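Here the structure comes first, spelled out in C-alpha cells, and everything after it is commentary.
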Amino acid sequence: MTTCCTVSLIIIQAGGSISGLTIFGVNMKKIPVIIDCDPGHDDAIALVLAFASEKLDVLAVTVAGGNQTLVKTLRNAKKVLYCMGKRPLLAAGADKPMFRELQIAPAVHGESGLDGPSLPDPDWQEDPRPAWELSRDLIMASAEPVTLIPTGPLTNIGILFTAYPEVKRKIARISLMGGSVMEGGNWSSAAEFNIIVDPEAADIVFRSGVPITMCGLDVTHKAQILPEDAGAIRALGGKVPLMVAGLIDFFYKYHAVQGFAGAPMHDPCAVAAVIAPEIFTTKDMHIDIETKGEHTAGMTLADLRFWTDAKPNATVCLDIDRAAFARLLIDACGKY
Ligand code: BDR
Ligand code: CA
C-alpha cells in the first residue's frame, strides 16, 4: 500500500519453533487469519487466494448469512473448501443481521448462492461453536495478534465485539470487503451490499478502534478479472482452476448486464490487501456508517474535509495494480 500507516503483520524471526516460511534462511512468521464469509462466487475465490498463500495461516473459516441464507452459504463454504482439499476449522455464525431481516442476493449469486460449477457436497460436520465463540477461542489462544478477513456482512464480527470486547486488543487488523467512498452503492444508490445488509454490525466494527483496511467498490470495481485472465486460469486445468473459471463465468453474466468488461473480484481484494498490500493505493480516512437514513442506510460516509480533525479509522483502498492482482490470482490457482 502506498500510504498505509500500520503494516505490522509480517515479523521476521531468526529461527524458532513456529511454523513458517523460510526466505534466505530467515523464518517469516505466517500471518494468522480468520476468514468470515458468505459464499458467494467472489468469497469462494477469496478462499482460493487465501489458502494458496504461504504468507497466511488460516486459523478458521466462519460463515454468515448474506449472499444466500446461512444454510446455503455454509454448504457452499464446505463445497469450495472440499474442492480445494482443505479442511480448516469451520463454524456457522449468524443467520440474520444483528437487528434486521436478512437481504440475500440471488440475482448475483443464483438460487444456491454459488450457481455455475457443479461441486460435490462433502459429508462434513462443522465445529459446534458459533462463529463468534470459535473466533474468540482462537484469537485469545493465539500467540500473535490475529487478522480478520470478513468478506460478507459484518454480523459475526459485530456479535464477537459485543460479546467479547477483550478480543479487540488481540486483533492486528480487519481487512474487509465492504462500502464505498467515491463510487456510490451497488445495492442502493448509497450503499454497498455487505454494509447495507447489516449496518449496525458495520457501525460496531468501524467504531471498534481496531485498525481497518477497507476494500470497497472504489477498488473492487477496478479489480476486474478479464476474459483473458479467466482463460489463463482455465488453461491451468485441474479441479480448483476449473472451479474458479466456472465461478467467474457465472459472475460475468450479472456484471456484463451492468456494463462491466470483466468480473469485479470484490472479496479477493480483502485477502490481497493482506498478502500483497503493495499493489494497492490507499488513503487513511474517517468513515462513519449510516444506520438510519431513509435513502442512505448502509452508506460508508467518508470525511473528506482536509481541515477536519476527525481521526482516521480506516485505510481505504482506492486503486489497484490490476495486472498484478490478476497475476496473483492466476498464480494462486496454479498452486492447487
Ligand atoms: C459484496 O457483495 C456480495 O454479493 C459479494 O460477495 C461481495 O462480498 C460486493 O458488494
Ligand atoms: Ca461476499
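For the C-alpha cells, the naming scheme is as follows: chains receive sequential letters (A, B, ...) according to their order of presentation, residues are indexed from 1 within each chain, and ligands are indexed from 1 in presentation order.
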
Notebook entry, point to check: Which residues sit within 8 Å of ligand 2, counting only C-alpha atoms and all ligand atoms, listed as a count of residues only?
Noted result: 16

Note to self: Residues within 8 Å of segment 286-303 of chain A, please, as a PyMOL selection string. Count only C-alpha atoms; anything in the same chain fewer than 6 positions from it doesn't count.
What the structure shows: chain A and resi 179-181+185+188-192+195-200+202-203+206+310-314

Put those residues in a file: all heavy atoms, as a short mmCIF file (atom, residue, chain, number, x, y, z; two decimals), in the first residue's frame.
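Result written to again24.cif:
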data_model
loop_
_atom_site.label_atom_id
_atom_site.label_comp_id
_atom_site.auth_asym_id
_atom_site.auth_seq_id
_atom_site.Cartn_x
_atom_site.Cartn_y
_atom_site.Cartn_z
N GLY A 179 -18.47 -1.45 1.54
CA GLY A 179 -18.58 0.00 1.45
C GLY A 179 -18.06 0.59 0.16
O GLY A 179 -17.75 -0.11 -0.82
N SER A 180 -17.96 1.90 0.19
CA SER A 180 -17.54 2.67 -0.98
C SER A 180 -17.40 4.11 -0.52
O SER A 180 -18.16 4.57 0.34
CB SER A 180 -18.65 2.54 -2.03
OG SER A 180 -18.69 3.64 -2.88
N VAL A 181 -16.43 4.79 -1.10
CA VAL A 181 -16.22 6.19 -0.70
C VAL A 181 -16.65 7.14 -1.82
O VAL A 181 -17.38 8.11 -1.60
CB VAL A 181 -14.75 6.41 -0.29
CG1 VAL A 181 -14.44 7.87 -0.16
CG2 VAL A 181 -14.47 5.70 1.03
N GLY A 185 -23.20 3.27 -4.43
CA GLY A 185 -23.51 1.94 -3.95
C GLY A 185 -23.69 0.94 -5.07
O GLY A 185 -23.66 1.29 -6.25
N SER A 188 -27.96 -0.08 -3.17
CA SER A 188 -28.82 1.10 -3.26
C SER A 188 -27.92 2.16 -3.87
O SER A 188 -26.73 1.92 -4.09
CB SER A 188 -29.31 1.54 -1.86
OG SER A 188 -28.25 2.16 -1.15
N SER A 189 -28.49 3.33 -4.13
CA SER A 189 -27.63 4.34 -4.74
C SER A 189 -26.52 4.77 -3.79
O SER A 189 -25.49 5.29 -4.21
CB SER A 189 -28.46 5.55 -5.17
OG SER A 189 -29.20 6.04 -4.07
N ALA A 190 -26.72 4.51 -2.48
CA ALA A 190 -25.74 4.97 -1.50
C ALA A 190 -24.89 3.86 -0.92
O ALA A 190 -23.81 4.14 -0.39
CB ALA A 190 -26.47 5.68 -0.35
N ALA A 191 -25.37 2.63 -0.97
CA ALA A 191 -24.73 1.60 -0.13
C ALA A 191 -24.34 0.35 -0.91
O ALA A 191 -25.01 -0.07 -1.85
CB ALA A 191 -25.68 1.21 1.00
N GLU A 192 -23.26 -0.22 -0.41
CA GLU A 192 -22.74 -1.48 -0.95
C GLU A 192 -23.42 -2.63 -0.18
O GLU A 192 -23.79 -2.48 1.00
CB GLU A 192 -21.21 -1.47 -0.76
CG GLU A 192 -20.46 -2.70 -1.22
CD GLU A 192 -20.48 -3.82 -0.21
OE1 GLU A 192 -20.55 -3.54 1.00
OE2 GLU A 192 -20.47 -4.99 -0.64
N ILE A 195 -22.48 -3.91 3.57
CA ILE A 195 -22.74 -2.94 4.64
C ILE A 195 -24.23 -2.70 4.80
O ILE A 195 -24.74 -2.62 5.93
CB ILE A 195 -21.99 -1.61 4.38
CG1 ILE A 195 -20.49 -1.86 4.12
CG2 ILE A 195 -22.17 -0.65 5.55
CD1 ILE A 195 -19.70 -2.40 5.29
N ILE A 196 -24.96 -2.65 3.69
CA ILE A 196 -26.41 -2.38 3.81
C ILE A 196 -27.13 -3.57 4.46
O ILE A 196 -28.15 -3.39 5.12
CB ILE A 196 -27.03 -2.04 2.44
CG1 ILE A 196 -28.33 -1.23 2.62
CG2 ILE A 196 -27.33 -3.26 1.61
CD1 ILE A 196 -28.91 -0.69 1.32
N VAL A 197 -26.60 -4.77 4.30
CA VAL A 197 -27.26 -5.93 4.92
C VAL A 197 -27.24 -5.81 6.44
O VAL A 197 -28.23 -6.12 7.11
CB VAL A 197 -26.61 -7.25 4.45
CG1 VAL A 197 -27.12 -8.43 5.27
CG2 VAL A 197 -26.91 -7.49 2.98
N ASP A 198 -26.12 -5.35 7.00
CA ASP A 198 -26.06 -5.22 8.46
C ASP A 198 -25.30 -3.95 8.86
O ASP A 198 -24.16 -4.01 9.32
CB ASP A 198 -25.43 -6.46 9.09
CG ASP A 198 -25.74 -6.54 10.58
OD1 ASP A 198 -26.12 -5.49 11.16
OD2 ASP A 198 -25.62 -7.63 11.16
N PRO A 199 -25.95 -2.79 8.71
CA PRO A 199 -25.25 -1.53 9.02
C PRO A 199 -24.89 -1.41 10.49
O PRO A 199 -23.85 -0.82 10.83
CB PRO A 199 -26.28 -0.45 8.64
CG PRO A 199 -27.34 -1.12 7.85
CD PRO A 199 -27.31 -2.57 8.19
N GLU A 200 -25.73 -1.98 11.37
CA GLU A 200 -25.42 -1.85 12.81
C GLU A 200 -24.14 -2.62 13.15
O GLU A 200 -23.32 -2.14 13.94
CB GLU A 200 -26.60 -2.37 13.66
CG GLU A 200 -27.81 -1.44 13.68
CD GLU A 200 -28.67 -1.49 12.42
OE1 GLU A 200 -28.52 -2.46 11.64
OE2 GLU A 200 -29.48 -0.57 12.21
N ALA A 202 -21.73 -3.19 11.04
CA ALA A 202 -20.64 -2.42 10.43
C ALA A 202 -20.28 -1.23 11.31
O ALA A 202 -19.09 -0.89 11.49
CB ALA A 202 -21.05 -1.95 9.04
N ASP A 203 -21.29 -0.62 11.90
CA ASP A 203 -21.05 0.52 12.79
C ASP A 203 -20.19 0.09 13.99
O ASP A 203 -19.25 0.80 14.38
CB ASP A 203 -22.41 1.07 13.24
CG ASP A 203 -22.29 2.36 14.00
OD1 ASP A 203 -21.45 3.21 13.59
OD2 ASP A 203 -23.01 2.55 15.00
N PHE A 206 -16.58 -0.36 12.68
CA PHE A 206 -15.85 0.87 12.35
C PHE A 206 -15.60 1.75 13.57
O PHE A 206 -14.70 2.60 13.55
CB PHE A 206 -16.57 1.65 11.23
CG PHE A 206 -16.23 1.13 9.86
CD1 PHE A 206 -16.88 0.03 9.32
CD2 PHE A 206 -15.22 1.72 9.09
CE1 PHE A 206 -16.56 -0.47 8.06
CE2 PHE A 206 -14.89 1.24 7.83
CZ PHE A 206 -15.56 0.14 7.32
N ALA A 310 -11.17 14.93 12.41
CA ALA A 310 -11.74 13.59 12.63
C ALA A 310 -10.63 12.56 12.42
O ALA A 310 -9.98 12.54 11.38
CB ALA A 310 -12.88 13.33 11.66
N LYS A 311 -10.42 11.73 13.42
CA LYS A 311 -9.31 10.78 13.37
C LYS A 311 -9.62 9.66 12.37
O LYS A 311 -10.70 9.08 12.43
CB LYS A 311 -9.14 10.19 14.77
CG LYS A 311 -7.78 9.69 15.07
CD LYS A 311 -7.63 9.42 16.57
CE LYS A 311 -6.47 8.49 16.79
NZ LYS A 311 -6.84 7.09 16.93
N PRO A 312 -8.69 9.36 11.46
CA PRO A 312 -8.95 8.24 10.54
C PRO A 312 -9.19 6.94 11.30
O PRO A 312 -8.51 6.67 12.30
CB PRO A 312 -7.67 8.14 9.72
CG PRO A 312 -7.05 9.49 9.81
CD PRO A 312 -7.41 10.02 11.17
N ASN A 313 -10.15 6.18 10.86
CA ASN A 313 -10.39 4.85 11.45
C ASN A 313 -10.29 3.75 10.41
O ASN A 313 -10.57 2.59 10.70
CB ASN A 313 -11.76 4.79 12.16
CG ASN A 313 -12.92 5.06 11.21
OD1 ASN A 313 -12.71 5.42 10.06
ND2 ASN A 313 -14.14 4.90 11.70
N ALA A 314 -9.92 4.12 9.19
CA ALA A 314 -9.79 3.09 8.15
C ALA A 314 -8.75 3.51 7.12
O ALA A 314 -8.63 4.69 6.78
CB ALA A 314 -11.13 2.87 7.45
#

Check: So which residues of segment 100-332 of chain A fall under alpha helix (DSSP H) by DSSP, listed as a ChimeraX atom specification?
Finding: /A:106-109,131-141,155-163,193-197,199-206,217-220,227-236,239-257,266-275,322-332

Margin query: as number ranges by chain, please: every residue in segment 60-215 of chain A that a backbone DSSP assignment puts in strand (DSSP E).
Written below: A: 60-63, 89-92, 146-150, 171-177, 212-215

May I have the selected residues written with N, CA, C and O atoms, as a short mmCIF file (atom, residue, chain, number, x, y, z; two decimals), in the first residue's frame?
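Written file, out_15.cif:
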data_model
loop_
_atom_site.label_atom_id
_atom_site.label_comp_id
_atom_site.auth_asym_id
_atom_site.auth_seq_id
_atom_site.Cartn_x
_atom_site.Cartn_y
_atom_site.Cartn_z
N ALA A 60 -9.20 -20.41 10.83
CA ALA A 60 -10.58 -20.89 10.71
C ALA A 60 -11.30 -20.13 9.61
O ALA A 60 -10.89 -19.03 9.22
N VAL A 61 -12.35 -20.75 9.14
CA VAL A 61 -13.29 -20.09 8.23
C VAL A 61 -14.63 -20.05 8.96
O VAL A 61 -15.10 -21.07 9.48
N THR A 62 -15.21 -18.87 9.04
CA THR A 62 -16.53 -18.74 9.65
C THR A 62 -17.49 -18.19 8.59
O THR A 62 -17.07 -17.54 7.63
N VAL A 63 -18.76 -18.49 8.80
CA VAL A 63 -19.73 -18.21 7.73
C VAL A 63 -20.93 -17.45 8.30
O VAL A 63 -21.33 -17.69 9.45
N LEU A 89 -10.78 -25.48 10.47
CA LEU A 89 -11.88 -25.29 11.42
C LEU A 89 -12.93 -24.45 10.71
O LEU A 89 -12.59 -23.43 10.08
N LEU A 90 -14.18 -24.85 10.84
CA LEU A 90 -15.26 -24.18 10.10
C LEU A 90 -16.43 -24.01 11.05
O LEU A 90 -16.82 -24.98 11.72
N ALA A 91 -16.96 -22.81 11.13
CA ALA A 91 -18.10 -22.60 12.04
C ALA A 91 -19.18 -21.78 11.36
O ALA A 91 -18.90 -20.87 10.58
N ALA A 92 -20.40 -22.09 11.71
CA ALA A 92 -21.55 -21.30 11.25
C ALA A 92 -21.76 -20.14 12.21
O ALA A 92 -21.55 -20.28 13.42
N VAL A 146 -4.23 -11.59 15.66
CA VAL A 146 -4.89 -12.23 14.51
C VAL A 146 -5.46 -11.16 13.58
O VAL A 146 -5.92 -10.10 14.03
N THR A 147 -5.42 -11.43 12.29
CA THR A 147 -6.06 -10.55 11.30
C THR A 147 -7.39 -11.17 10.87
O THR A 147 -7.43 -12.36 10.55
N LEU A 148 -8.44 -10.38 10.91
CA LEU A 148 -9.75 -10.86 10.46
C LEU A 148 -9.96 -10.43 9.02
O LEU A 148 -9.65 -9.28 8.67
N ILE A 149 -10.49 -11.33 8.21
CA ILE A 149 -10.79 -11.00 6.80
C ILE A 149 -12.26 -11.29 6.54
O ILE A 149 -12.63 -12.38 6.14
N PRO A 150 -13.12 -10.30 6.79
CA PRO A 150 -14.55 -10.52 6.51
C PRO A 150 -14.88 -10.15 5.07
O PRO A 150 -14.53 -9.08 4.59
N ILE A 171 -6.39 -8.30 18.06
CA ILE A 171 -6.61 -8.31 16.61
C ILE A 171 -5.68 -7.29 15.97
O ILE A 171 -5.68 -6.11 16.34
N ALA A 172 -4.87 -7.76 15.04
CA ALA A 172 -3.90 -6.87 14.39
C ALA A 172 -4.61 -5.91 13.45
O ALA A 172 -4.30 -4.72 13.39
N ARG A 173 -5.58 -6.42 12.72
CA ARG A 173 -6.22 -5.62 11.67
C ARG A 173 -7.44 -6.36 11.15
O ARG A 173 -7.51 -7.59 11.23
N ILE A 174 -8.39 -5.61 10.66
CA ILE A 174 -9.52 -6.20 9.92
C ILE A 174 -9.37 -5.74 8.48
O ILE A 174 -9.36 -4.53 8.21
N SER A 175 -9.22 -6.68 7.58
CA SER A 175 -9.17 -6.34 6.15
C SER A 175 -10.50 -6.79 5.56
O SER A 175 -10.73 -7.99 5.39
N LEU A 176 -11.36 -5.84 5.30
CA LEU A 176 -12.74 -6.21 4.93
C LEU A 176 -13.10 -5.76 3.52
O LEU A 176 -12.56 -4.80 2.98
N MET A 177 -14.04 -6.53 2.93
CA MET A 177 -14.68 -6.05 1.70
C MET A 177 -16.01 -5.44 2.11
O MET A 177 -16.88 -6.11 2.68
N ILE A 212 -8.44 -0.88 10.48
CA ILE A 212 -9.27 -1.45 9.40
C ILE A 212 -8.65 -1.13 8.04
O ILE A 212 -8.22 0.01 7.81
N THR A 213 -8.59 -2.12 7.18
CA THR A 213 -8.35 -1.87 5.76
C THR A 213 -9.67 -2.11 5.05
O THR A 213 -10.26 -3.18 5.18
N MET A 214 -10.14 -1.08 4.36
CA MET A 214 -11.45 -1.18 3.71
C MET A 214 -11.27 -1.33 2.19
O MET A 214 -10.76 -0.42 1.53
N CYS A 215 -11.68 -2.48 1.69
CA CYS A 215 -11.70 -2.69 0.24
C CYS A 215 -13.15 -2.52 -0.20
O CYS A 215 -13.96 -3.46 -0.12
#

Notebook entry, point to check: Taking only C-alpha atoms and all ligand atoms into account, which of A:Ala270, A:Ala245, A:Val33, A:Ala230 comes nearest ligand 1?
Noted result: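 The shortest atom-to-atom distance to ligand 1 comes from A:Ala270.
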
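For the choices A:Ile31, A:Val108, A:Ile45, A:Leu247, the atom-to-atom distance to ligand 1 is smallest for A:Val108 when using only C-alpha atoms and all ligand atoms.
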
Notebook entry, point to check: To one decimal place, how far is atom CA of Lys96 of chain A from atom CA of Glu183 of chain A in Å?
Noted result: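 Computing the Euclidean distance for atom CA of Lys96 of chain A and atom CA of Glu183 of chain A yields 26.7 Å.
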
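The shortest atom-to-atom distance to Val219 of chain A, with only C-alpha atoms taken into account, belongs to A:Ile320 out of A:Met265, A:Val257, A:Ile320, A:Met84.
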
Check: From the list A:Asp57, A:Asp137, A:Glu126, A:Asp36, which residue is nearest ligand 1 when using only C-alpha atoms and all ligand atoms?
Finding: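 That would be A:Asp36, the residue with the smallest distance to ligand 1.
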
Next item on the list: Write out as number ranges by chain each polymer residue whose atoms come within 10 Å of Ala94 of chain A, counting only C-alpha atoms; drop sequence neighbours fewer than 2 positions from it.
Entry: A: 62-66, 69-70, 92, 96-98, 130-132, 153-157, 159

With N, CA and C atoms retained, write the just-selected residues as a short mmCIF file (atom, residue, chain, number, x, y, z; two decimals), in the first residue's frame.
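Wrote selection-v4.cif, looks like this:
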data_model
loop_
_atom_site.label_atom_id
_atom_site.label_comp_id
_atom_site.auth_asym_id
_atom_site.auth_seq_id
_atom_site.Cartn_x
_atom_site.Cartn_y
_atom_site.Cartn_z
N THR A 62 -15.21 -18.87 9.04
CA THR A 62 -16.53 -18.74 9.65
C THR A 62 -17.49 -18.19 8.59
N VAL A 63 -18.76 -18.49 8.80
CA VAL A 63 -19.73 -18.21 7.73
C VAL A 63 -20.93 -17.45 8.30
N ALA A 64 -21.45 -16.55 7.50
CA ALA A 64 -22.67 -15.81 7.88
C ALA A 64 -23.68 -15.93 6.75
N GLY A 65 -24.93 -15.64 7.07
CA GLY A 65 -25.92 -15.45 6.02
C GLY A 65 -25.63 -14.13 5.32
N GLY A 66 -25.88 -14.07 4.03
CA GLY A 66 -25.58 -12.85 3.28
C GLY A 66 -26.02 -13.03 1.84
N THR A 69 -29.01 -17.62 2.24
CA THR A 69 -29.28 -17.98 3.64
C THR A 69 -28.06 -18.69 4.21
N LEU A 70 -27.98 -18.72 5.53
CA LEU A 70 -26.82 -19.35 6.18
C LEU A 70 -26.70 -20.83 5.81
N ALA A 92 -20.40 -22.09 11.71
CA ALA A 92 -21.55 -21.30 11.25
C ALA A 92 -21.76 -20.14 12.21
N LYS A 96 -28.99 -14.17 10.46
CA LYS A 96 -29.60 -12.89 10.07
C LYS A 96 -28.81 -11.76 10.71
N PRO A 97 -28.96 -10.55 10.19
CA PRO A 97 -28.25 -9.40 10.76
C PRO A 97 -28.62 -9.15 12.22
N MET A 98 -27.82 -8.31 12.90
CA MET A 98 -28.00 -8.12 14.34
C MET A 98 -29.39 -7.60 14.69
N PRO A 130 -20.60 -21.54 17.72
CA PRO A 130 -20.93 -20.50 16.75
C PRO A 130 -19.69 -19.69 16.37
N ALA A 131 -19.75 -19.03 15.24
CA ALA A 131 -18.58 -18.33 14.68
C ALA A 131 -17.88 -17.45 15.72
N TRP A 132 -18.66 -16.71 16.50
CA TRP A 132 -18.04 -15.76 17.43
C TRP A 132 -17.37 -16.46 18.59
N PRO A 153 -21.48 -9.66 5.09
CA PRO A 153 -22.00 -8.73 6.10
C PRO A 153 -21.22 -8.94 7.42
N LEU A 154 -21.10 -7.87 8.20
CA LEU A 154 -20.19 -7.91 9.36
C LEU A 154 -20.86 -8.44 10.63
N THR A 155 -21.95 -9.17 10.47
CA THR A 155 -22.73 -9.63 11.62
C THR A 155 -21.91 -10.44 12.62
N ASN A 156 -21.17 -11.42 12.14
CA ASN A 156 -20.41 -12.28 13.07
C ASN A 156 -19.38 -11.46 13.84
N ILE A 157 -18.78 -10.49 13.20
CA ILE A 157 -17.76 -9.68 13.89
C ILE A 157 -18.44 -8.71 14.87
N ILE A 159 -21.17 -9.26 16.50
CA ILE A 159 -21.54 -10.06 17.68
C ILE A 159 -20.29 -10.38 18.51
#

Next item on the list: Rank A:Asp218, A:Asp95, A:Glu166, A:Glu144 by their smallest atom-to-atom distance to ligand 1, using only C-alpha atoms and all ligand atoms, and report the top residue only.
Entry: A:Asp218

Write out as a short mmCIF file (atom, residue, chain, number, x, y, z; two decimals) with C-alpha atoms, in the first residue's frame each polymer residue whose atoms come within 12 Å of Ile279 of chain A, counting only C-alpha atoms; drop sequence neighbours fewer than 5 positions from it.
data_model
loop_
_atom_site.label_atom_id
_atom_site.label_comp_id
_atom_site.auth_asym_id
_atom_site.auth_seq_id
_atom_site.Cartn_x
_atom_site.Cartn_y
_atom_site.Cartn_z
CA MET A 1 0.00 0.00 0.00
CA THR A 2 1.38 3.35 -0.79
CA THR A 3 0.16 5.22 2.26
CA CYS A 4 -0.86 2.62 4.80
CA VAL A 219 -11.10 -0.54 -5.62
CA ALA A 223 -10.05 -5.31 -9.61
CA CYS A 269 -9.29 -7.81 -2.68
CA ALA A 272 -4.89 -9.42 -1.45
CA ALA A 273 -4.68 -6.36 0.80
CA VAL A 274 -3.11 -8.62 3.46
CA CYS A 317 -8.10 1.11 -0.75
CA LEU A 318 -8.74 3.38 -3.74
CA ASP A 319 -6.78 1.85 -6.58
CA ILE A 320 -5.03 -1.36 -7.51
CA ASP A 321 -2.41 -2.57 -9.96
CA ARG A 322 -4.96 -4.69 -11.84
CA ALA A 323 -2.43 -6.70 -13.83
CA ALA A 324 -0.51 -7.61 -10.66
CA PHE A 325 -3.77 -8.59 -8.99
CA ALA A 326 -4.76 -10.82 -11.91
CA ARG A 327 -1.31 -12.42 -11.83
CA LEU A 328 -1.66 -13.05 -8.07
#
